[in-house]
>>> print(open('model.cif').read())   # mmCIF, C-alpha atoms
data_target
loop_
_atom_site.group_PDB
_atom_site.id
_atom_site.type_symbol
_atom_site.label_atom_id
_atom_site.label_comp_id
_atom_site.auth_asym_id
_atom_site.auth_seq_id
_atom_site.Cartn_x
_atom_site.Cartn_y
_atom_site.Cartn_z
ATOM 1 C CA MET V 1142 25.462 -5.571 -20.383
ATOM 2 C CA THR V 1143 24.392 -4.776 -23.941
ATOM 3 C CA ILE V 1144 25.210 -1.416 -25.455
ATOM 4 C CA ASP V 1145 22.294 0.214 -27.232
ATOM 5 C CA TRP V 1146 24.263 1.251 -30.364
ATOM 6 C CA ILE V 1147 21.203 2.711 -32.085
ATOM 7 C CA ASN V 1148 20.499 5.281 -29.361
ATOM 8 C CA PHE V 1149 24.136 5.867 -28.341
ATOM 9 C CA THR V 1150 25.056 9.373 -29.516
ATOM 10 C CA PRO V 1151 28.796 9.863 -28.842
ATOM 11 C CA GLY V 1152 29.196 12.938 -31.071
ATOM 12 C CA SER V 1153 26.392 15.041 -29.630
ATOM 13 C CA ALA V 1154 27.240 13.799 -26.112
ATOM 14 C CA LEU V 1155 30.836 15.048 -26.432
ATOM 15 C CA LEU V 1156 29.808 18.339 -28.070
ATOM 16 C CA GLY V 1157 27.032 19.019 -25.554
ATOM 17 C CA GLY V 1158 29.310 17.996 -22.694
ATOM 18 C CA ALA V 1159 32.030 20.361 -23.918
ATOM 19 C CA MET V 1160 29.482 23.210 -23.987
ATOM 20 C CA ILE V 1161 28.394 22.414 -20.407
ATOM 21 C CA GLY V 1162 32.062 22.310 -19.339
ATOM 22 C CA LEU V 1163 32.793 25.581 -21.147
ATOM 23 C CA ALA V 1164 29.902 27.204 -19.251
ATOM 24 C CA ALA V 1165 31.412 25.992 -15.949
ATOM 25 C CA ALA V 1166 34.886 27.186 -17.024
ATOM 26 C CA LEU V 1167 33.648 30.649 -18.049
ATOM 27 C CA LEU V 1168 31.595 31.016 -14.854
ATOM 28 C CA VAL V 1169 34.567 30.297 -12.587
ATOM 29 C CA MET V 1170 37.041 32.401 -14.592
ATOM 30 C CA LEU V 1171 34.707 35.399 -14.892
ATOM 31 C CA THR V 1172 32.919 35.340 -11.545
ATOM 32 C CA GLY V 1173 34.851 32.928 -9.311
ATOM 33 C CA ARG V 1174 31.729 30.829 -8.690
ATOM 34 C CA VAL V 1175 31.164 27.086 -9.004
ATOM 35 C CA MET V 1176 28.457 25.945 -11.399
ATOM 36 C CA GLY V 1177 26.420 24.039 -8.826
ATOM 37 C CA ILE V 1178 22.848 24.095 -9.993
ATOM 38 C CA SER V 1179 21.187 22.532 -6.923
ATOM 39 C CA SER V 1180 22.809 25.223 -4.720
ATOM 40 C CA MET V 1181 21.584 27.923 -7.108
ATOM 41 C CA VAL V 1182 18.048 26.527 -6.927
ATOM 42 C CA GLY V 1183 18.325 26.511 -3.116
ATOM 43 C CA LYS V 1184 19.173 30.209 -3.188
ATOM 44 C CA LEU V 1185 15.828 30.950 -4.874
ATOM 45 C CA LEU V 1186 14.324 30.601 -1.406
ATOM 46 C CA GLY V 1187 16.612 33.313 -0.067
ATOM 47 C CA GLY V 1188 19.291 33.067 2.574
ATOM 48 C CA ALA V 1189 22.535 34.193 0.967
ATOM 49 C CA GLU V 1190 21.664 37.731 -0.098
ATOM 50 C CA GLY V 1191 24.588 38.644 -2.361
ATOM 51 C CA GLU V 1192 24.645 35.201 -3.948
ATOM 52 C CA ALA V 1193 21.000 35.074 -4.963
ATOM 53 C CA ALA V 1194 21.339 37.553 -7.852
ATOM 54 C CA TRP V 1195 23.858 35.638 -9.964
ATOM 55 C CA SER V 1196 22.157 32.329 -9.136
ATOM 56 C CA ILE V 1197 18.829 33.628 -10.398
ATOM 57 C CA SER V 1198 20.539 34.943 -13.554
ATOM 58 C CA PHE V 1199 22.132 31.567 -14.276
ATOM 59 C CA ILE V 1200 18.820 29.776 -13.690
ATOM 60 C CA ALA V 1201 17.084 32.263 -16.001
ATOM 61 C CA GLY V 1202 19.661 31.353 -18.675
ATOM 62 C CA LEU V 1203 18.892 27.644 -18.315
ATOM 63 C CA VAL V 1204 15.129 28.180 -18.537
ATOM 64 C CA MET V 1205 15.478 30.606 -21.464
ATOM 65 C CA ALA V 1206 17.736 28.314 -23.518
ATOM 66 C CA PRO V 1207 14.920 26.359 -25.228
ATOM 67 C CA ILE V 1208 12.900 29.572 -25.676
ATOM 68 C CA VAL V 1209 15.843 31.316 -27.400
ATOM 69 C CA LEU V 1210 16.274 28.251 -29.604
ATOM 70 C CA LEU V 1211 12.739 28.819 -30.929
ATOM 71 C CA LEU V 1212 14.204 31.761 -32.904
ATOM 72 C CA TRP V 1213 16.189 29.286 -35.009
ATOM 73 C CA GLN V 1214 13.825 26.350 -34.881
ATOM 74 C CA PRO V 1215 10.282 27.719 -34.848
ATOM 75 C CA ALA V 1216 8.971 24.147 -34.813
ATOM 76 C CA GLY V 1217 10.186 24.146 -31.243
ATOM 77 C CA ASN V 1218 11.186 21.544 -28.756
ATOM 78 C CA LEU V 1219 8.529 19.205 -27.556
ATOM 79 C CA PRO V 1220 8.659 19.029 -23.776
ATOM 80 C CA PRO V 1221 9.983 15.684 -22.614
ATOM 81 C CA ALA V 1222 7.199 13.397 -21.457
ATOM 82 C CA THR V 1223 8.167 11.172 -18.563
ATOM 83 C CA GLY V 1224 4.891 9.272 -18.517
ATOM 84 C CA LEU V 1225 5.158 9.249 -14.727
ATOM 85 C CA SER V 1226 2.361 9.774 -12.214
ATOM 86 C CA LEU V 1227 2.285 12.835 -9.969
ATOM 87 C CA PRO V 1228 3.232 10.911 -6.793
ATOM 88 C CA ILE V 1229 6.364 9.472 -8.477
ATOM 89 C CA LEU V 1230 7.380 12.883 -9.897
ATOM 90 C CA ALA V 1231 6.858 14.459 -6.466
ATOM 91 C CA ALA V 1232 8.724 11.681 -4.628
ATOM 92 C CA GLY V 1233 11.633 11.972 -7.075
ATOM 93 C CA GLY V 1234 11.734 15.748 -6.646
ATOM 94 C CA LEU V 1235 11.636 15.517 -2.846
ATOM 95 C CA LEU V 1236 14.503 12.999 -2.815
ATOM 96 C CA VAL V 1237 16.551 15.137 -5.222
ATOM 97 C CA GLY V 1238 15.936 18.323 -3.192
ATOM 98 C CA PHE V 1239 16.658 16.671 0.158
ATOM 99 C CA GLY V 1240 19.599 14.601 -1.092
ATOM 100 C CA THR V 1241 21.418 17.367 -2.945
ATOM 101 C CA ARG V 1242 21.130 19.604 0.127
ATOM 102 C CA LEU V 1243 22.414 16.903 2.494
ATOM 103 C CA GLY V 1244 25.150 15.805 0.063
ATOM 104 C CA SER V 1245 26.052 19.401 -0.949
ATOM 105 C CA GLY V 1246 25.630 18.887 -4.667
ATOM 106 C CA CYS V 1247 24.217 17.264 -7.768
ATOM 107 C CA THR V 1248 25.455 16.227 -11.200
ATOM 108 C CA SER V 1249 26.722 19.723 -12.076
ATOM 109 C CA GLY V 1250 28.429 20.576 -8.763
ATOM 110 C CA HIS V 1251 29.958 17.193 -7.963
ATOM 111 C CA GLY V 1252 29.850 15.395 -11.320
ATOM 112 C CA VAL V 1253 31.230 18.220 -13.472
ATOM 113 C CA CYS V 1254 32.887 20.891 -11.303
ATOM 114 C CA GLY V 1255 33.962 18.664 -8.410
ATOM 115 C CA LEU V 1256 35.589 16.127 -10.708
ATOM 116 C CA ALA V 1257 37.239 18.999 -12.593
ATOM 117 C CA ARG V 1258 38.716 20.202 -9.293
ATOM 118 C CA LEU V 1259 39.914 16.626 -8.636
ATOM 119 C CA SER V 1260 37.977 16.645 -5.362
ATOM 120 C CA PRO V 1261 37.885 13.205 -3.660
ATOM 121 C CA ARG V 1262 34.593 14.251 -2.006
ATOM 122 C CA SER V 1263 32.971 14.851 -5.372
ATOM 123 C CA LEU V 1264 34.301 11.584 -6.783
ATOM 124 C CA VAL V 1265 32.709 9.704 -3.864
ATOM 125 C CA ALA V 1266 29.454 11.669 -4.293
ATOM 126 C CA THR V 1267 29.351 10.976 -8.048
ATOM 127 C CA LEU V 1268 29.979 7.249 -7.578
ATOM 128 C CA CYS V 1269 27.236 7.169 -4.912
ATOM 129 C CA PHE V 1270 24.532 8.864 -6.972
ATOM 130 C CA VAL V 1271 25.321 6.989 -10.183
ATOM 131 C CA ALA V 1272 25.293 3.670 -8.269
ATOM 132 C CA SER V 1273 22.059 4.398 -6.384
ATOM 133 C CA GLY V 1274 20.452 5.765 -9.571
ATOM 134 C CA ALA V 1275 21.407 2.595 -11.460
ATOM 135 C CA LEU V 1276 20.133 0.421 -8.604
ATOM 136 C CA THR V 1277 16.839 2.349 -8.555
ATOM 137 C CA VAL V 1278 16.343 1.895 -12.314
ATOM 138 C CA TYR V 1279 17.220 -1.786 -11.932
ATOM 139 C CA MET V 1280 14.610 -2.212 -9.187
ATOM 140 C CA VAL V 1281 11.920 -0.323 -11.131
ATOM 141 C CA ARG V 1282 12.519 -1.907 -14.551
ATOM 142 C CA HIS V 1283 13.784 -5.390 -13.834
ATOM 143 C CA VAL V 1284 12.362 -6.319 -10.429
ATOM 144 C CA ILE V 1285 9.106 -4.446 -9.763
ATOM 145 C CA ASN V 1286 7.854 -4.158 -13.360
ATOM 146 C CA SER V 1287 8.866 -7.661 -14.427
ATOM 147 C CA ALA V 1288 7.259 -9.069 -11.259
ATOM 148 C CA GLY V 1289 4.101 -7.146 -12.141
ATOM 149 C CA ALA V 1290 4.157 -8.492 -15.688
ATOM 150 C CA ALA V 1291 4.674 -12.091 -14.604
ATOM 151 C CA MET M 435 28.128 42.526 -15.166
ATOM 152 C CA ILE M 436 28.388 39.375 -13.030
ATOM 153 C CA ARG M 437 24.670 38.795 -13.535
ATOM 154 C CA LEU M 438 25.037 39.124 -17.299
ATOM 155 C CA ALA M 439 27.938 36.644 -17.297
ATOM 156 C CA ALA M 440 25.907 34.203 -15.193
ATOM 157 C CA LEU M 441 22.959 34.547 -17.583
ATOM 158 C CA ALA M 442 25.205 33.834 -20.595
ATOM 159 C CA CYS M 443 26.781 30.826 -18.859
ATOM 160 C CA GLY M 444 23.307 29.530 -17.979
ATOM 161 C CA LEU M 445 22.235 29.837 -21.617
ATOM 162 C CA LEU M 446 25.379 28.036 -22.827
ATOM 163 C CA CYS M 447 24.897 25.282 -20.251
ATOM 164 C CA GLY M 448 21.238 24.946 -21.288
ATOM 165 C CA PHE M 449 22.165 24.661 -24.987
ATOM 166 C CA GLY M 450 24.792 22.059 -24.057
ATOM 167 C CA LEU M 451 22.263 19.991 -22.120
ATOM 168 C CA MET M 452 19.888 20.086 -25.106
ATOM 169 C CA VAL M 453 22.623 19.183 -27.636
ATOM 170 C CA ALA M 454 23.694 16.298 -25.403
ATOM 171 C CA GLY M 455 20.100 15.060 -25.168
ATOM 172 C CA MET M 456 20.217 15.248 -21.377
ATOM 173 C CA THR M 457 16.928 17.159 -21.117
ATOM 174 C CA ASP M 458 15.153 13.935 -22.090
ATOM 175 C CA PRO M 459 14.707 11.838 -18.929
ATOM 176 C CA ALA M 460 14.426 8.705 -21.104
ATOM 177 C CA LYS M 461 18.027 9.184 -22.279
ATOM 178 C CA VAL M 462 19.265 9.656 -18.705
ATOM 179 C CA LEU M 463 17.398 6.548 -17.539
ATOM 180 C CA ALA M 464 18.857 4.592 -20.484
ATOM 181 C CA PHE M 465 22.320 5.418 -19.077
ATOM 182 C CA LEU M 466 21.345 4.259 -15.597
ATOM 183 C CA ASP M 467 19.761 1.050 -16.951
ATOM 184 C CA VAL M 468 22.963 -0.992 -17.055
ATOM 185 C CA ALA M 469 21.042 -4.287 -17.121
ATOM 186 C CA GLY M 470 18.881 -3.256 -20.069
ATOM 187 C CA ALA M 471 19.752 -1.669 -23.439
ATOM 188 C CA TRP M 472 22.549 0.522 -22.084
ATOM 189 C CA ASP M 473 23.170 3.974 -23.606
ATOM 190 C CA PRO M 474 26.622 5.206 -22.421
ATOM 191 C CA SER M 475 26.071 8.766 -23.756
ATOM 192 C CA LEU M 476 25.802 10.399 -20.297
ATOM 193 C CA ALA M 477 29.264 9.159 -19.308
ATOM 194 C CA LEU M 478 30.738 10.946 -22.348
ATOM 195 C CA VAL M 479 28.779 14.112 -21.519
ATOM 196 C CA MET M 480 30.187 14.136 -18.002
ATOM 197 C CA ALA M 481 33.733 13.311 -19.151
ATOM 198 C CA ALA M 482 33.736 16.056 -21.790
ATOM 199 C CA ALA M 483 32.207 18.582 -19.391
ATOM 200 C CA ALA M 484 34.633 17.785 -16.556
ATOM 201 C CA SER M 485 37.657 17.944 -18.914
ATOM 202 C CA MET M 486 36.613 21.346 -20.231
ATOM 203 C CA ALA M 487 35.853 22.602 -16.711
ATOM 204 C CA LEU M 488 39.233 21.320 -15.484
ATOM 205 C CA VAL M 489 40.982 23.786 -17.793
ATOM 206 C CA GLY M 490 38.732 26.583 -16.505
ATOM 207 C CA PHE M 491 39.468 25.793 -12.866
ATOM 208 C CA ARG M 492 43.219 25.615 -13.591
ATOM 209 C CA VAL M 493 43.150 29.041 -15.247
ATOM 210 C CA ALA M 494 40.945 30.447 -12.475
ATOM 211 C CA GLY M 495 43.397 29.100 -9.907
ATOM 212 C CA ARG M 496 46.169 31.239 -11.419
ATOM 213 C CA LEU M 497 44.143 34.426 -11.414
ATOM 214 C CA ALA M 498 44.581 36.818 -8.504
ATOM 215 C CA ARG M 499 40.853 37.545 -8.703
ATOM 216 C CA PRO M 500 37.962 36.678 -11.044
ATOM 217 C CA LEU M 501 38.115 38.476 -14.421
ATOM 218 C CA LEU M 502 34.987 40.477 -13.605
ATOM 219 C CA GLY M 503 36.335 41.475 -10.200
ATOM 220 C CA GLY M 504 35.115 40.614 -6.755
ATOM 221 C CA LYS M 505 36.374 37.661 -4.804
ATOM 222 C CA ALA M 506 36.279 33.989 -5.771
ATOM 223 C CA ASP M 507 33.932 31.910 -3.624
ATOM 224 C CA LEU M 508 34.806 28.250 -4.033
ATOM 225 C CA PRO M 509 33.583 25.577 -1.610
ATOM 226 C CA ALA M 510 36.235 24.738 0.962
ATOM 227 C CA THR M 511 37.516 21.192 0.691
ATOM 228 C CA ARG M 512 36.157 19.061 3.498
ATOM 229 C CA GLY M 513 36.477 15.405 4.352
ATOM 230 C CA ILE M 514 34.234 12.624 3.158
ATOM 231 C CA ASP M 515 31.465 12.373 5.742
ATOM 232 C CA PRO M 516 28.238 10.375 6.218
ATOM 233 C CA SER M 517 26.088 13.339 5.051
ATOM 234 C CA LEU M 518 27.880 13.408 1.700
ATOM 235 C CA VAL M 519 27.311 9.697 1.135
ATOM 236 C CA ALA M 520 23.738 9.564 2.466
ATOM 237 C CA GLY M 521 22.716 12.717 0.574
ATOM 238 C CA SER M 522 24.238 11.517 -2.698
ATOM 239 C CA VAL M 523 22.582 8.101 -2.372
ATOM 240 C CA LEU M 524 19.171 9.735 -1.762
ATOM 241 C CA PHE M 525 19.699 12.099 -4.703
ATOM 242 C CA GLY M 526 20.519 9.081 -6.898
ATOM 243 C CA VAL M 527 17.280 7.349 -5.925
ATOM 244 C CA GLY M 528 15.238 10.410 -6.952
ATOM 245 C CA TRP M 529 17.283 10.776 -10.155
ATOM 246 C CA GLY M 530 16.710 7.108 -10.998
ATOM 247 C CA LEU M 531 12.976 7.334 -10.292
ATOM 248 C CA VAL M 532 12.337 10.265 -12.631
ATOM 249 C CA GLY M 533 15.392 10.815 -14.862
ATOM 250 C CA PHE M 534 15.605 14.518 -13.999
ATOM 251 C CA CYS M 535 18.270 16.319 -12.007
ATOM 252 C CA PRO M 536 18.054 20.082 -11.298
ATOM 253 C CA GLY M 537 19.814 21.460 -14.442
ATOM 254 C CA PRO M 538 17.954 19.481 -17.111
ATOM 255 C CA ALA M 539 14.663 19.953 -15.231
ATOM 256 C CA LEU M 540 15.109 23.752 -15.439
ATOM 257 C CA VAL M 541 15.747 23.547 -19.199
ATOM 258 C CA ALA M 542 12.678 21.292 -19.564
ATOM 259 C CA LEU M 543 10.712 23.940 -17.636
ATOM 260 C CA GLY M 544 11.594 26.334 -20.485
ATOM 261 C CA MET M 545 9.988 23.797 -22.852
ATOM 262 C CA PHE M 546 6.854 24.171 -20.700
ATOM 263 C CA SER M 547 7.113 20.671 -19.295
ATOM 264 C CA GLY M 548 4.517 20.186 -16.564
ATOM 265 C CA ASP M 549 6.436 17.163 -15.293
ATOM 266 C CA ALA M 550 9.543 19.323 -14.785
ATOM 267 C CA ALA M 551 7.485 21.944 -12.923
ATOM 268 C CA ILE M 552 6.090 19.352 -10.491
ATOM 269 C CA PHE M 553 9.571 17.877 -10.019
ATOM 270 C CA LEU M 554 11.144 21.283 -9.303
ATOM 271 C CA VAL M 555 8.480 22.351 -6.802
ATOM 272 C CA ALA M 556 8.950 19.024 -4.992
ATOM 273 C CA ALA M 557 12.741 19.525 -5.035
ATOM 274 C CA LEU M 558 12.339 22.944 -3.376
ATOM 275 C CA LEU M 559 10.112 21.312 -0.748
ATOM 276 C CA GLY M 560 12.785 18.636 -0.261
ATOM 277 C CA LYS M 561 15.331 21.347 0.454
ATOM 278 C CA VAL M 562 12.993 23.012 2.970
ATOM 279 C CA LEU M 563 12.285 19.630 4.582
ATOM 280 C CA HIS M 564 16.021 19.005 4.923
ATOM 281 C CA ASP M 565 16.554 22.321 6.687
ATOM 282 C CA LEU M 566 13.663 21.537 9.063
ATOM 283 C CA VAL M 567 14.738 18.051 10.084
ATOM 284 C CA ILE M 568 18.555 18.160 9.901
ATOM 285 C CA PRO M 569 20.154 20.337 12.583
ATOM 286 C CA GLN M 570 22.480 22.830 10.959
ATOM 287 C CA ALA M 571 26.039 21.945 11.986
ATOM 288 C CA GLY M 572 28.427 24.695 13.158
ATOM 289 C CA GLY M 573 27.985 28.112 11.651
ATOM 290 C CA GLY M 574 24.313 27.685 10.873
ATOM 291 C CA PRO M 575 22.544 27.803 7.532
ATOM 292 C CA MET M 576 24.896 30.325 5.937
ATOM 293 C CA LEU M 577 27.857 27.996 6.225
ATOM 294 C CA ARG M 578 25.895 24.996 5.007
ATOM 295 C CA PHE M 579 24.896 27.040 1.994
ATOM 296 C CA ARG M 580 28.350 26.802 0.514
ATOM 297 C CA GLY M 581 27.810 23.432 -1.105
ATOM 298 C CA GLN M 582 29.067 22.582 -4.531
ATOM 299 C CA GLY M 583 25.906 21.517 -6.212
#
>>> encode(input="model.cif", output="structure tokens")
Amino acid sequence: MTIDWINFTPGSALLGGAMIGLAAALLVMLTGRVMGISSMVGKLLGGAEGEAAWSISFIAGLVMAPIVLLLWQPAGNLPPATGLSLPILAAGGLLVGFGTRLGSGCTSGHGVCGLARLSPRSLVATLCFVASGALTVYMVRHVINSAGAA
Amino acid sequence: MIRLAALACGLLCGFGLMVAGMTDPAKVLAFLDVAGAWDPSLALVMAAAASMALVGFRVAGRLARPLLGGKADLPATRGIDPSLVAGSVLFGVGWGLVGFCPGPALVALGMFSGDAAIFLVAALLGKVLHDLVIPQAGGGPMLRFRGQG
């Protein structure tokens, strides 16, 4: 394991993380809801009538964040380019949608809020998705791609 | 009022994700690439976020009701079951393939990222597919809705 010191950004990671955590803290103190973003996205398709309204509002906040930032930085944020083909993007999305529904959560619900609630379930979930994510990247970058290059 | 609070929290969370660099899938994948040039930033993001949220949940736990009224709706604690493990593993595979998870993908959508739009539509389809193929255990869809994520 070699740490990439050039791209490691501890300061902005801690500051950004604290902002994400503050958002989760404010949401639960003010509204009594857990900041679980995959659940909120699920509610876009309807189902839990009273819950849809706040979920849509939170999602609107997420989508509007880079647009609001344009007021300060008119140069804007370039959208991230993944360089991935449509089938890979679609397969990744399908797995994320299916998996977060089956496992009742994603990085925000289990990784941030669940860990904050000291939930053993969320700890197990977080270890599972970090491990399988790391294994997937290992397979793609160091097995499939290096085999292709050889 | 609750909607306004949720909107403000969503904005704050979105700014946090941008500050942390988590809206860039390359940075997320660099965290997951433990055998390559490893960027530990995401671990610090999660640690800082969970620590901050821990204080919020402690305070919320002492309140009789949420500050804006209504009734708190926190997921009931359940045991560790095969669905939790299988679902989280599948989510990790998708996360590792693309480098997006739902929150950062929504922020990237606000940057007019076509990749994020494709990913999010597919994620919605994945949710629909789940509900078609997995029988809804006791209580039906409404009960299963109360996940954490």
>>> resolve_selection(input="model.cif", expression="the PyMOL selection byres ((chain M and resi 529) around 12)", output="ChimeraX atom specification")
/V:1229-1241,1247-1248,1269-1278 /M:459-460,462-463,465-466,522-528,530-539,553,557
>>> atom_distance(input="model.cif", atom1="CA of Thr1172 (chain V)", atom2="CA of Pro500 (chain M)")
5.2 Å
>>> closest_residue(input="model.cif", among="M:Lys461, M:Thr511, M:Gly495, M:Gly521", to="chain V", atoms="all atoms listed in the file")
M:Gly521
>>> atom_distance(input="model.cif", atom1="CA of Val479 (chain M)", atom2="CA of Gly1157 (chain V)")
6.6 Å
>>> atom_distance(input="model.cif", atom1="CA of Ser1260 (chain V)", atom2="CA of Val1182 (chain V)")
22.3 Å
>>> residues_around(input="model.cif", residues="Ser1198 (chain V)", least_positions_apart="5", cutoff="7 Å", atoms="all atoms listed in the file", output="list in words")
Arg437, Ala440 and Leu441 of chain M
>>> closest_residue(input="model.cif", among="V:Trp1213, V:Gly1152, V:Leu1219, V:His1251", to="Ser547 (chain M)", atoms="all atoms listed in the file")
V:Leu1219
>>> axis_aligned_box(input="model.cif", around="region 1193-1208 of chain V", padding_each_side="5 Å", output="lines of an AutoDock Vina configuration file")
center_x = 18.4
center_y = 32.0
center_z = -15.3
size_x = 21.0
size_y = 21.2
size_z = 30.7
>>> resolve_selection(input="model.cif", expression="the PyMOL selection byres ((chain M and resi 438) around 12)", output="PDB file with C-alpha atoms, in the frame of the given file")
ATOM      1  CA  LEU V1168      31.595  31.016 -14.854  1.00  0.00           C
ATOM      2  CA  LEU V1171      34.707  35.399 -14.892  1.00  0.00           C
ATOM      3  CA  THR V1172      32.919  35.340 -11.545  1.00  0.00           C
ATOM      4  CA  ALA V1194      21.339  37.553  -7.852  1.00  0.00           C
ATOM      5  CA  TRP V1195      23.858  35.638  -9.964  1.00  0.00           C
ATOM      6  CA  SER V1196      22.157  32.329  -9.136  1.00  0.00           C
ATOM      7  CA  ILE V1197      18.829  33.628 -10.398  1.00  0.00           C
ATOM      8  CA  SER V1198      20.539  34.943 -13.554  1.00  0.00           C
ATOM      9  CA  PHE V1199      22.132  31.567 -14.276  1.00  0.00           C
ATOM     10  CA  ILE V1200      18.820  29.776 -13.690  1.00  0.00           C
ATOM     11  CA  ALA V1201      17.084  32.263 -16.001  1.00  0.00           C
ATOM     12  CA  GLY V1202      19.661  31.353 -18.675  1.00  0.00           C
TER      13      GLY V1202
ATOM     14  CA  MET M 435      28.128  42.526 -15.166  1.00  0.00           C
ATOM     15  CA  ILE M 436      28.388  39.375 -13.030  1.00  0.00           C
ATOM     16  CA  ARG M 437      24.670  38.795 -13.535  1.00  0.00           C
ATOM     17  CA  ALA M 439      27.938  36.644 -17.297  1.00  0.00           C
ATOM     18  CA  ALA M 440      25.907  34.203 -15.193  1.00  0.00           C
ATOM     19  CA  LEU M 441      22.959  34.547 -17.583  1.00  0.00           C
ATOM     20  CA  ALA M 442      25.205  33.834 -20.595  1.00  0.00           C
ATOM     21  CA  CYS M 443      26.781  30.826 -18.859  1.00  0.00           C
ATOM     22  CA  GLY M 444      23.307  29.530 -17.979  1.00  0.00           C
ATOM     23  CA  LEU M 445      22.235  29.837 -21.617  1.00  0.00           C
ATOM     24  CA  LEU M 502      34.987  40.477 -13.605  1.00  0.00           C
TER      25      LEU M 502
END
>>> closest_residue(input="model.cif", among="V:Val1284, V:Ala1159, V:Glu1192, V:Asp1145", to="Ser1180 (chain V)", atoms="only C-alpha atoms")
V:Glu1192
>>> closest_residue(input="model.cif", among="M:Gly560, M:Gly455, M:Pro516, M:Pro509", to="chain V", atoms="only C-alpha atoms")
M:Gly560
>>> closest_residue(input="model.cif", among="V:Gly1183, V:Gly1177, V:Leu1156, V:Leu1225", to="chain M", atoms="all atoms listed in the file")
V:Gly1177
>>> closest_residue(input="model.cif", among="M:Gly450, M:Pro569, M:Val562, M:Thr457", to="chain V", atoms="only C-alpha atoms")
M:Gly450
>>> residues_around(input="model.cif", residues="Leu1256 (chain V)", least_positions_apart="2", cutoff="12 Å", atoms="only C-alpha atoms", output="PyMOL selection string")
(chain V and resi 1162+1165+1175+1246-1254+1258-1268) or (chain M and resi 480-489+491+582-583)
>>> residues_around(input="model.cif", residues="Pro1207 (chain V)", least_positions_apart="5", cutoff="7 Å", atoms="all atoms listed in the file", output="ChimeraX atom specification")
/M:541,544-545
>>> write_last_selection(input="model.cif", atoms="C-alpha atoms", output="CSV table (one decimal), in the frame of the given file")
chain,number,residue,atom,x,y,z
M,541,VAL,CA,15.7,23.5,-19.2
M,544,GLY,CA,11.6,26.3,-20.5
M,545,MET,CA,10.0,23.8,-22.9
